[in-house]
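Student: What follows is the file input.csv, containing CSV, C-alpha atoms and all ligand atoms:
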chain,number,residue,atom,x,y,z
A,1,MET,CA,15.0,18.1,5.5
A,2,THR,CA,16.7,18.2,2.0
A,3,LEU,CA,18.2,15.6,-0.2
A,4,ALA,CA,21.5,17.6,-0.6
A,5,PRO,CA,24.6,15.7,0.3
A,6,SER,CA,25.5,16.4,3.9
A,7,ASP,CA,29.0,16.7,5.4
A,8,LYS,CA,28.0,14.1,8.0
A,9,ALA,CA,27.0,10.8,6.5
A,10,LEU,CA,24.3,10.2,9.1
A,11,VAL,CA,21.0,8.7,7.8
A,12,PRO,CA,17.7,9.7,9.4
A,13,PHE,CA,15.9,6.5,10.6
A,14,VAL,CA,12.2,6.3,11.5
A,15,SER,CA,11.5,3.4,13.9
A,16,VAL,CA,8.1,1.8,14.4
A,17,ASP,CA,7.8,3.8,17.7
A,18,ASN,CA,8.6,7.1,16.0
A,19,MET,CA,6.3,6.3,13.0
A,20,MET,CA,3.5,5.8,15.5
A,21,LYS,CA,4.3,9.1,17.3
A,22,LEU,CA,4.4,10.9,13.9
A,23,VAL,CA,1.0,9.5,12.9
A,24,HIS,CA,-0.5,10.7,16.2
A,25,HIS,CA,1.3,14.1,15.9
A,26,ILE,CA,-0.1,14.6,12.4
A,27,GLY,CA,-3.5,12.8,13.0
A,28,ILE,CA,-4.4,9.6,11.3
A,29,GLU,CA,-6.9,11.0,8.8
A,30,PRO,CA,-4.9,14.1,7.8
A,31,MET,CA,-1.9,11.8,7.3
A,32,LEU,CA,-4.0,9.4,5.1
A,33,ALA,CA,-5.2,12.4,3.1
A,34,GLY,CA,-1.6,13.8,2.8
A,35,LEU,CA,-0.3,10.4,1.7
A,36,ALA,CA,-3.0,10.2,-0.9
A,37,ASP,CA,-2.0,13.6,-2.2
A,38,TYR,CA,1.6,12.5,-2.5
A,39,ILE,CA,0.6,9.2,-4.3
A,40,GLU,CA,-1.7,11.0,-6.7
A,41,ALA,CA,1.0,13.6,-7.5
A,42,ASP,CA,3.5,10.8,-8.3
A,43,PHE,CA,0.9,8.9,-10.4
A,44,ARG,CA,0.4,12.1,-12.4
A,45,ARG,CA,4.2,12.1,-13.3
A,46,TRP,CA,4.2,8.3,-14.0
A,47,ASN,CA,6.3,8.5,-17.1
A,48,LEU,CA,9.3,9.9,-15.2
A,49,PHE,CA,9.7,6.8,-13.1
A,50,ASP,CA,11.8,3.7,-13.6
A,51,LYS,CA,9.3,0.8,-13.4
A,52,THR,CA,9.7,-2.9,-12.9
A,53,PRO,CA,7.5,-5.6,-11.5
A,54,ARG,CA,8.7,-6.3,-8.0
A,55,ILE,CA,11.3,-8.9,-7.5
A,56,ALA,CA,9.7,-11.8,-5.6
A,57,SER,CA,11.2,-14.8,-3.8
A,58,HIS,CA,8.4,-17.3,-3.2
A,59,SER,CA,8.2,-20.2,-0.7
A,60,ASP,CA,5.4,-22.5,0.4
A,61,GLU,CA,4.7,-20.2,3.3
A,62,GLY,CA,4.8,-16.9,1.6
A,63,VAL,CA,6.8,-14.3,-0.3
A,64,ILE,CA,9.7,-11.8,0.2
A,65,GLU,CA,9.8,-9.0,-2.2
A,66,LEU,CA,11.9,-6.0,-3.2
A,67,MET,CA,10.2,-3.0,-4.8
A,68,PRO,CA,12.5,-0.5,-6.4
A,69,THR,CA,11.8,2.7,-8.3
A,70,SER,CA,13.4,6.1,-9.1
A,71,ASP,CA,12.2,9.4,-10.5
A,72,GLY,CA,15.7,10.3,-11.7
A,73,GLU,CA,16.5,12.4,-8.6
A,74,VAL,CA,15.5,10.1,-5.8
A,75,TYR,CA,15.7,6.3,-5.7
A,76,GLY,CA,13.6,4.2,-3.3
A,77,PHE,CA,13.0,0.6,-2.4
A,78,LYS,CA,10.9,-1.3,0.0
A,79,TYR,CA,11.6,-4.8,1.5
A,80,VAL,CA,8.3,-6.5,2.2
A,81,ASN,CA,7.0,-10.0,3.1
A,82,GLY,CA,3.6,-11.7,2.8
A,83,HIS,CA,3.1,-14.7,5.0
A,84,PRO,CA,-0.6,-15.5,5.6
A,85,LYS,CA,0.1,-18.2,8.2
A,86,ASN,CA,2.2,-15.8,10.4
A,87,THR,CA,-0.7,-14.6,12.4
A,88,LYS,CA,-1.2,-18.1,13.9
A,89,ALA,CA,2.3,-17.8,15.3
A,90,GLY,CA,1.7,-14.3,16.6
A,91,LEU,CA,3.5,-12.6,13.8
A,92,GLN,CA,2.4,-10.1,11.2
A,93,THR,CA,1.3,-11.3,7.7
A,94,VAL,CA,3.1,-8.2,6.2
A,95,THR,CA,6.2,-6.4,7.6
A,96,ALA,CA,8.3,-3.9,5.7
A,97,PHE,CA,11.1,-1.3,5.8
A,98,GLY,CA,12.3,1.0,3.1
A,99,LEU,CA,14.9,3.5,2.0
A,100,LEU,CA,15.2,6.7,-0.1
A,101,ALA,CA,18.6,7.6,-1.7
A,102,ASN,CA,20.0,10.6,-3.5
A,103,VAL,CA,20.5,9.5,-7.2
A,104,GLY,CA,23.2,12.2,-7.5
A,105,ASN,CA,25.7,10.6,-5.1
A,106,GLY,CA,23.9,7.3,-4.2
A,107,TYR,CA,23.8,8.1,-0.5
A,108,PRO,CA,20.8,7.0,1.4
A,109,VAL,CA,18.8,9.9,2.9
A,110,LEU,CA,16.1,8.1,4.8
A,111,LEU,CA,15.6,4.6,6.3
A,112,SER,CA,12.2,3.8,7.7
A,113,GLU,CA,10.0,1.2,9.1
A,114,MET,CA,7.2,0.5,6.6
A,115,THR,CA,4.9,-2.0,8.3
A,116,VAL,CA,2.7,0.7,9.7
A,117,LEU,CA,3.5,2.9,6.7
A,118,THR,CA,2.5,0.2,4.2
A,119,ALA,CA,-0.9,-0.1,5.9
A,120,LEU,CA,-1.3,3.7,5.6
A,121,ARG,CA,-0.1,3.9,2.0
A,122,THR,CA,-2.3,1.0,0.9
A,123,ALA,CA,-5.3,2.5,2.5
A,124,ALA,CA,-4.4,6.0,1.0
A,125,THR,CA,-4.1,4.4,-2.5
A,126,SER,CA,-7.4,2.6,-2.2
A,127,ALA,CA,-9.2,5.7,-1.1
A,128,MET,CA,-7.5,7.9,-3.7
A,129,VAL,CA,-8.7,5.5,-6.4
A,130,ALA,CA,-12.2,5.1,-4.9
A,131,LYS,CA,-12.5,8.9,-4.9
A,132,HIS,CA,-12.2,8.8,-8.7
A,133,LEU,CA,-14.1,5.6,-9.4
A,134,ALA,CA,-16.7,4.9,-6.8
A,135,PRO,CA,-20.4,5.8,-7.6
A,136,LYS,CA,-21.4,9.4,-6.6
A,137,GLY,CA,-22.5,9.7,-3.0
A,138,ALA,CA,-21.0,6.3,-2.0
A,139,ASP,CA,-21.1,6.3,1.8
A,140,THR,CA,-21.3,2.6,2.8
A,141,MET,CA,-18.5,0.0,2.5
A,142,ALA,CA,-18.4,-3.7,3.0
A,143,MET,CA,-15.0,-4.6,4.5
A,144,ILE,CA,-14.4,-8.4,3.9
A,145,GLY,CA,-11.4,-9.4,5.9
A,146,ALA,CA,-10.9,-7.6,9.2
A,147,GLY,CA,-7.2,-8.1,9.7
A,148,ALA,CA,-4.3,-5.7,10.0
A,149,GLN,CA,-5.2,-3.5,7.0
A,150,SER,CA,-8.9,-3.2,7.7
A,151,GLU,CA,-9.2,-0.2,10.0
A,152,PHE,CA,-6.7,1.8,7.9
A,153,GLN,CA,-8.8,1.0,4.8
A,154,SER,CA,-12.0,2.2,6.5
A,155,LEU,CA,-10.6,5.4,7.9
A,156,ALA,CA,-9.0,6.4,4.5
A,157,MET,CA,-12.4,5.9,2.8
A,158,LYS,CA,-13.9,8.1,5.5
A,159,ALA,CA,-11.2,10.8,5.1
A,160,LEU,CA,-11.2,10.9,1.2
A,161,VAL,CA,-14.5,9.5,0.0
A,162,GLY,CA,-16.8,10.6,2.8
A,163,LEU,CA,-17.6,7.0,4.0
A,164,LYS,CA,-20.2,7.0,6.8
A,165,SER,CA,-20.8,3.3,7.5
A,166,VAL,CA,-18.5,0.3,7.4
A,167,ARG,CA,-19.9,-3.3,7.4
A,168,LEU,CA,-17.3,-5.7,8.6
A,169,TYR,CA,-17.0,-9.4,7.9
A,170,ASP,CA,-14.2,-11.8,8.7
A,171,ILE,CA,-14.2,-15.6,8.6
A,172,ASP,CA,-12.8,-15.3,12.1
A,173,PRO,CA,-15.3,-13.6,14.4
A,174,ALA,CA,-12.5,-12.5,16.7
A,175,ALA,CA,-11.0,-10.4,13.9
A,176,THR,CA,-14.4,-8.8,13.1
A,177,GLU,CA,-14.8,-7.9,16.8
A,178,LYS,CA,-11.3,-6.5,17.0
A,179,ALA,CA,-11.9,-4.2,14.0
A,180,ALA,CA,-15.3,-3.1,15.3
A,181,ARG,CA,-13.8,-2.3,18.7
A,182,ASN,CA,-10.9,-0.3,17.1
A,183,LEU,CA,-13.2,1.7,14.9
A,184,THR,CA,-15.6,2.6,17.7
A,185,GLY,CA,-15.6,6.3,18.3
A,186,MET,CA,-13.8,7.1,15.1
A,187,GLY,CA,-16.8,8.8,13.4
A,188,LEU,CA,-18.0,5.8,11.4
A,189,GLU,CA,-21.1,3.7,11.9
A,190,VAL,CA,-19.7,0.2,12.4
A,191,VAL,CA,-21.8,-2.9,11.7
A,192,ALA,CA,-20.3,-6.3,12.5
A,193,CYS,CA,-21.8,-8.9,10.1
A,194,ARG,CA,-22.0,-12.7,10.2
A,195,THR,CA,-21.8,-13.4,6.5
A,196,PRO,CA,-20.1,-11.6,3.5
A,197,GLU,CA,-23.6,-11.3,2.0
A,198,ALA,CA,-24.8,-9.4,5.1
A,199,ALA,CA,-21.7,-7.1,4.9
A,200,MET,CA,-22.5,-6.2,1.3
A,201,GLU,CA,-26.1,-5.1,2.0
A,202,GLY,CA,-26.4,-1.5,0.8
A,203,ALA,CA,-22.7,-1.1,0.2
A,204,GLN,CA,-21.6,0.9,-2.8
A,205,ILE,CA,-17.9,0.1,-2.1
A,206,ILE,CA,-16.7,-3.5,-1.5
A,207,THR,CA,-13.2,-4.0,-0.1
A,208,THR,CA,-11.8,-7.5,-0.1
A,209,CYS,CA,-8.7,-7.7,2.1
A,210,THR,CA,-8.2,-11.3,3.1
A,211,ALA,CA,-5.0,-13.4,3.3
A,212,ASP,CA,-4.9,-16.9,2.0
A,213,LYS,CA,-2.3,-18.3,-0.3
A,214,GLN,CA,-4.8,-19.9,-2.8
A,215,TYR,CA,-7.3,-19.1,-5.5
A,216,ALA,CA,-10.0,-18.1,-3.0
A,217,THR,CA,-13.5,-17.0,-3.9
A,218,ILE,CA,-14.4,-14.3,-1.5
A,219,LEU,CA,-16.8,-12.7,-3.9
A,220,THR,CA,-18.9,-15.0,-6.2
A,221,ASP,CA,-20.5,-13.6,-9.3
A,222,ASN,CA,-24.0,-13.6,-7.9
A,223,MET,CA,-23.0,-11.6,-4.8
A,224,VAL,CA,-22.0,-8.5,-6.8
A,225,GLY,CA,-24.8,-6.2,-8.1
A,226,SER,CA,-24.4,-3.4,-10.7
A,227,GLY,CA,-23.0,0.0,-10.0
A,228,VAL,CA,-20.6,-0.9,-7.1
A,229,HIS,CA,-16.9,-0.1,-6.8
A,230,ILE,CA,-14.7,-3.1,-5.8
A,231,ASN,CA,-11.4,-2.4,-4.0
A,232,ALA,CA,-9.6,-5.8,-4.2
A,233,ILE,CA,-6.6,-5.7,-2.0
A,234,GLY,CA,-5.8,-9.3,-0.9
A,235,GLY,CA,-5.1,-11.0,-4.3
A,236,ASP,CA,-1.5,-9.9,-4.7
A,237,CYS,CA,0.6,-12.9,-5.5
A,238,PRO,CA,0.7,-15.7,-8.2
A,239,GLY,CA,-1.8,-18.3,-7.1
A,240,LYS,CA,-3.5,-15.9,-4.5
A,241,THR,CA,-6.7,-14.3,-5.6
A,242,GLU,CA,-10.1,-13.3,-4.1
A,243,LEU,CA,-12.7,-12.8,-6.8
A,244,ALA,CA,-14.6,-15.3,-9.1
A,245,ALA,CA,-13.6,-14.8,-12.7
A,246,GLY,CA,-17.2,-14.0,-13.5
A,247,VAL,CA,-16.9,-10.8,-11.4
A,248,LEU,CA,-13.9,-9.7,-13.4
A,249,GLN,CA,-15.6,-10.4,-16.7
A,250,ARG,CA,-18.5,-8.0,-15.6
A,251,SER,CA,-16.1,-5.3,-14.3
A,252,THR,CA,-14.1,-2.4,-15.8
A,253,ILE,CA,-10.7,-3.2,-14.4
A,254,PHE,CA,-8.2,-0.5,-13.2
A,255,VAL,CA,-4.7,-1.4,-12.2
A,256,GLU,CA,-1.4,0.2,-11.0
A,257,TYR,CA,1.2,-1.3,-13.3
A,258,PRO,CA,-0.1,-3.9,-15.7
A,259,GLU,CA,3.2,-5.8,-16.0
A,260,GLN,CA,3.1,-6.5,-12.3
A,261,THR,CA,-0.7,-6.9,-11.9
A,262,ARG,CA,-0.9,-9.5,-14.7
A,263,ILE,CA,1.5,-11.7,-12.6
A,264,GLU,CA,0.1,-11.0,-9.2
A,265,GLY,CA,-3.4,-9.5,-9.3
A,266,GLU,CA,-7.0,-10.8,-9.8
A,267,ILE,CA,-6.4,-10.6,-13.6
A,268,GLN,CA,-3.9,-13.5,-13.5
A,269,GLN,CA,-7.2,-15.5,-14.0
A,270,LEU,CA,-7.9,-13.7,-17.3
A,271,ALA,CA,-6.3,-13.8,-20.8
A,272,PRO,CA,-3.0,-11.9,-20.9
A,273,ASP,CA,-4.5,-9.4,-23.3
A,274,HIS,CA,-7.7,-8.7,-21.3
A,275,PRO,CA,-8.2,-5.0,-21.4
A,276,VAL,CA,-7.3,-3.0,-18.3
A,277,THR,CA,-7.0,0.7,-17.6
A,278,GLU,CA,-3.9,2.1,-15.8
A,279,MET,CA,-4.9,4.3,-13.0
A,280,TRP,CA,-2.3,7.0,-13.8
A,281,GLN,CA,-4.0,7.5,-17.1
A,282,VAL,CA,-7.4,8.2,-15.4
A,283,LEU,CA,-5.7,10.7,-13.1
A,284,SER,CA,-4.0,12.5,-15.9
A,285,GLY,CA,-7.2,12.6,-18.0
A,286,GLU,CA,-5.8,10.2,-20.7
A,287,ALA,CA,-8.4,7.5,-20.0
A,288,PRO,CA,-12.0,7.6,-18.6
A,289,GLY,CA,-12.8,6.4,-15.1
A,290,ARG,CA,-16.4,5.4,-14.3
A,291,THR,CA,-18.6,6.2,-17.3
A,292,SER,CA,-22.0,5.0,-16.0
A,293,ALA,CA,-24.0,4.5,-12.8
A,294,GLU,CA,-24.5,0.8,-13.6
A,295,GLN,CA,-20.9,0.0,-14.3
A,296,ILE,CA,-18.9,-2.2,-11.9
A,297,THR,CA,-15.5,-0.6,-11.4
A,298,LEU,CA,-12.8,-2.8,-10.0
A,299,PHE,CA,-9.4,-1.7,-8.6
A,300,ASP,CA,-7.2,-4.8,-8.8
A,301,SER,CA,-4.7,-3.5,-6.2
A,302,VAL,CA,-1.4,-5.3,-5.7
A,303,GLY,CA,0.7,-2.5,-4.3
A,304,PHE,CA,3.3,-0.8,-6.5
A,305,ALA,CA,6.7,0.6,-5.8
A,306,ILE,CA,5.8,4.2,-6.6
A,307,GLU,CA,3.2,4.2,-3.8
A,308,ASP,CA,6.0,3.3,-1.3
A,309,PHE,CA,8.3,5.9,-2.9
A,310,SER,CA,5.5,8.5,-2.4
A,311,ALA,CA,5.0,7.4,1.2
A,312,LEU,CA,8.7,7.6,2.0
A,313,ARG,CA,8.8,11.1,0.3
A,314,TYR,CA,5.9,12.1,2.6
A,315,ILE,CA,7.8,10.9,5.7
A,316,ARG,CA,11.0,12.7,4.6
A,317,ASP,CA,9.1,15.9,4.2
A,318,HIS,CA,7.4,15.7,7.5
A,319,ILE,CA,10.1,14.6,10.0
A,320,GLY,CA,12.2,17.7,9.6
A,321,GLY,CA,12.1,19.8,12.8
A,322,THR,CA,10.5,16.9,14.8
A,323,GLU,CA,12.0,14.5,17.2
A,324,TYR,CA,10.5,11.5,15.4
A,325,TYR,CA,13.7,10.1,13.9
A,326,MET,CA,17.2,9.3,15.0
A,327,ASP,CA,20.4,9.7,13.0
A,328,LEU,CA,22.0,6.3,12.1
A,329,ASP,CA,25.7,5.8,11.6
A,330,LEU,CA,25.0,3.6,8.5
A,331,LEU,CA,27.6,4.8,6.1
A,332,ALA,CA,31.4,4.6,6.5
A,333,ASP,CA,32.6,8.2,6.2
A,334,PRO,CA,36.5,8.5,6.3
A,335,ASP,CA,37.9,12.1,6.1
A,336,ASP,CA,39.9,10.9,3.1
A,337,PRO,CA,37.4,9.0,1.0
A,338,ARG,CA,40.1,6.7,-0.3
A,339,ASP,CA,41.5,5.9,3.2
A,340,LEU,CA,38.8,3.5,4.3
A,341,PHE,CA,41.5,1.1,5.7
A,342,GLY,CA,43.2,3.9,7.6
A,343,MET,CA,39.9,4.8,9.3
A,344,LEU,CA,39.5,1.1,10.3
A,345,GLN,CA,43.1,1.0,11.7
A,346,ARG,CA,42.6,4.2,13.7
A,347,ALA,CA,39.5,2.6,15.3
A,348,ALA,CA,41.6,-0.3,16.7
A,349,PRO,CA,41.1,-0.7,20.4
B,1,LIG,P1,-4.2,-10.3,8.0
B,1,LIG,O1,-3.7,-11.7,8.0
B,1,LIG,O2,-3.9,-9.4,9.2
B,1,LIG,O3,-5.8,-10.2,7.8
B,1,LIG,C1,-6.4,-11.0,6.8
B,1,LIG,C2,-7.8,-11.4,7.4
B,1,LIG,O4,-8.5,-12.1,6.4
B,1,LIG,C3,-7.7,-12.3,8.6
B,1,LIG,O5,-8.4,-11.7,9.7
B,1,LIG,C4,-8.4,-13.6,8.1
B,1,LIG,O6,-9.2,-14.2,9.2
B,1,LIG,C5,-9.3,-13.1,7.0
B,1,LIG,N1,-9.8,-14.1,6.1
B,1,LIG,C6,-9.1,-15.1,5.5
B,1,LIG,N2,-9.9,-15.8,4.6
B,1,LIG,C7,-11.1,-15.2,4.7
B,1,LIG,C8,-12.4,-15.4,4.0
B,1,LIG,N3,-12.5,-16.4,3.2
B,1,LIG,N4,-13.4,-14.5,4.3
B,1,LIG,C9,-13.3,-13.5,5.2
B,1,LIG,N5,-12.1,-13.3,5.8
B,1,LIG,C10,-11.1,-14.1,5.6
B,1,LIG,O7,-3.6,-9.6,6.7
B,1,LIG,P2,-3.5,-8.0,6.3
B,1,LIG,O8,-2.2,-7.4,6.7
B,1,LIG,O9,-4.8,-7.4,6.7
B,1,LIG,O10,-3.5,-8.2,4.7
B,1,LIG,C11,-4.7,-8.6,4.0
B,1,LIG,C12,-4.3,-8.9,2.6
B,1,LIG,O11,-3.9,-7.7,1.9
B,1,LIG,C13,-3.1,-9.9,2.5
B,1,LIG,O12,-3.4,-10.8,1.5
B,1,LIG,C14,-2.0,-9.0,2.0
B,1,LIG,O13,-1.0,-9.7,1.2
B,1,LIG,C15,-2.7,-8.0,1.2
B,1,LIG,N6,-2.1,-6.7,1.1
B,1,LIG,C16,-2.2,-6.0,-0.1
B,1,LIG,C17,-1.6,-4.8,-0.3
B,1,LIG,C18,-1.8,-4.1,-1.6
B,1,LIG,O14,-1.1,-3.0,-1.8
B,1,LIG,N7,-2.6,-4.5,-2.4
B,1,LIG,C19,-0.9,-4.2,0.8
B,1,LIG,C20,-0.9,-4.8,2.0
B,1,LIG,C21,-1.5,-6.1,2.2
Written as structure tokens, how would this file's structure read?

Tutor:
Amino acid sequence: MTLAPSDKALVPFVSVDNMMKLVHHIGIEPMLAGLADYIEADFRRWNLFDKTPRIASHSDEGVIELMPTSDGEVYGFKYVNGHPKNTKAGLQTVTAFGLLANVGNGYPVLLSEMTVLTALRTAATSAMVAKHLAPKGADTMAMIGAGAQSEFQSLAMKALVGLKSVRLYDIDPAATEKAARNLTGMGLEVVACRTPEAAMEGAQIITTCTADKQYATILTDNMVGSGVHINAIGGDCPGKTELAAGVLQRSTIFVEYPEQTRIEGEIQQLAPDHPVTEMWQVLSGEAPGRTSAEQITLFDSVGFAIEDFSALRYIRDHIGGTEYYMDLDLLADPDDPRDLFGMLQRAAP
């Protein structure tokens, strides 16, 4: 599939059903690895992109956000929500869809579900970062928060970092059981734990992925030993964090886009000039990653628009020649571009 203007203004659309079929067609771990490659490639050409903190509309219950970016040839955006109380009503905390468009003529070239894709791209980003920052030989991860993202996070760490064992903890034992069940037979040792401390025993990677719209303290200072890599996913909104400030003070902090992370990430608890390293600089060799075995590296993940752009690019490049999309009649396409009204009149019943 190309981004060239087509004579028919039909837009490929990937539904949830087709996204799931595509994941199974490619295989979940190869797809996580492929997404990570696309994300890493786009992080390496970081300076090409238009960048802005996402545009958030907050309510007491949650947030709705738009995440736009462009590399000058292709434009993309994601619509995404975050509503921690949704699960109690049988709804997802996070749902999303996104679009790619041709910058040259402004025509959309892909519309896609992004609820499943966001879980995949978030996990791929986490693992891509851990591959560069986690201590050598890391093979055990504590997974604190066993909700919708947790299995994706675990499998991406297996595919990219060589994870062998995942130690699950959720405040809700039913969530821990669900994740343990889903991960059975996937090539990981899975240990369900009753406390976060138990989950962290022997873990070199600690992923926090909880959902609560408050300054929570999932990790207190005394829970975190030296030399670990923390992959902090759940603190991603003003007033919504997971780590004690003391953990941040002892860590070397890596972020996606500081202008957004200072508003939304764990570092909203720190002074506005607290030093952070941008992950794209590590990937392009402009800044060091982990520099010692004792260092605590912390990826303060909030999710940035370029990751969604990369994920949509991956989907665009992999649906060509498959049956995993349908063409949508989304754009009015009169034969004479100035005769929009005539086209409407000719459609009269
Ligand atoms: P979810 O609601 O499906 O799962 C969250 C889990 O956290 C639930 O099972 C809940 O019981 C558990 N939890 C809440 N408080 C806890 C505590 N104190 N200790 C242990 N477990 C606790 O949500 P999800 O879709 O898995 O998303 C998890 C978080 O990740 C959300 O906050 C979401 O906003 C965030 N997120 C971040 C990114 C990113 O790019 N950084 C992307 C997607 C989601």

Student: List the neighbours of A:Phe152 out to 7 Å using all atoms listed in the file; skip same-chain residues closer than 3 positions along the sequence, and give me the result as a PyMOL selection string.

Tutor: chain A and resi 119-120+123+149+155-156

Student: I want to know what sits within 12 Å of stretch 245-249 of chain A, based on all atoms listed in the file, with residues of the same chain fewer than 2 positions away left out; could you give that as an NGL selection string?

Tutor: :A and (215-226 or 228-230 or 232 or 241-243 or 251-254 or 265-271 or 274-276 or 295-300)

Student: Looking at A:Glu278, A:Asp317, A:Asp42, A:Glu113, which one is nearest to A:Asp17, with distances taken over all atoms listed in the file?

Tutor: A:Glu113

Student: Could you pull out the residues sitting within 7 Å of ligand LIG 1 (chain B), using only C-alpha atoms and all ligand atoms, and write them as a CSV table (one decimal) with C-alpha atoms, keeping the file's coordinate frame?

Tutor:
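Saved the output as out.csv:
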chain,number,residue,atom,x,y,z
A,82,GLY,CA,3.6,-11.7,2.8
A,84,PRO,CA,-0.6,-15.5,5.6
A,87,THR,CA,-0.7,-14.6,12.4
A,92,GLN,CA,2.4,-10.1,11.2
A,93,THR,CA,1.3,-11.3,7.7
A,94,VAL,CA,3.1,-8.2,6.2
A,118,THR,CA,2.5,0.2,4.2
A,119,ALA,CA,-0.9,-0.1,5.9
A,122,THR,CA,-2.3,1.0,0.9
A,144,ILE,CA,-14.4,-8.4,3.9
A,145,GLY,CA,-11.4,-9.4,5.9
A,146,ALA,CA,-10.9,-7.6,9.2
A,147,GLY,CA,-7.2,-8.1,9.7
A,148,ALA,CA,-4.3,-5.7,10.0
A,149,GLN,CA,-5.2,-3.5,7.0
A,150,SER,CA,-8.9,-3.2,7.7
A,169,TYR,CA,-17.0,-9.4,7.9
A,170,ASP,CA,-14.2,-11.8,8.7
A,171,ILE,CA,-14.2,-15.6,8.6
A,172,ASP,CA,-12.8,-15.3,12.1
A,175,ALA,CA,-11.0,-10.4,13.9
A,209,CYS,CA,-8.7,-7.7,2.1
A,210,THR,CA,-8.2,-11.3,3.1
A,211,ALA,CA,-5.0,-13.4,3.3
A,212,ASP,CA,-4.9,-16.9,2.0
A,216,ALA,CA,-10.0,-18.1,-3.0
A,218,ILE,CA,-14.4,-14.3,-1.5
A,233,ILE,CA,-6.6,-5.7,-2.0
A,234,GLY,CA,-5.8,-9.3,-0.9
A,235,GLY,CA,-5.1,-11.0,-4.3
A,236,ASP,CA,-1.5,-9.9,-4.7
A,301,SER,CA,-4.7,-3.5,-6.2
A,302,VAL,CA,-1.4,-5.3,-5.7
A,303,GLY,CA,0.7,-2.5,-4.3
A,304,PHE,CA,3.3,-0.8,-6.5

Student: Counting only C-alpha atoms, which residue out of A:Leu168, A:Leu312, A:Met186, A:Cys193 sits closest to A:Gly27?

Tutor: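 Of all the options, A:Met186 lies closest to A:Gly27.
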
Student: Taking all atoms listed in the file into account, name the residue in A:Asp71, A:Glu286, A:Glu259, A:Asp335 that is nearest to A:Pro272.

Tutor: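 Using all atoms listed in the file, A:Pro272 sits closest to A:Glu259.
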
Student: Which is closest to A:Leu48 among A:Glu189, A:Glu29, A:Glu73, A:Glu65, if we use only C-alpha atoms?

Tutor: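 Counting only C-alpha atoms, the residue closest to A:Leu48 is A:Glu73.
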
Student: Using all atoms listed in the file, which of the listed residues (A:Val23, A:Val74, A:Ile306, A:Ala36) sits closest to A:Asn105?

Tutor: A:Val74
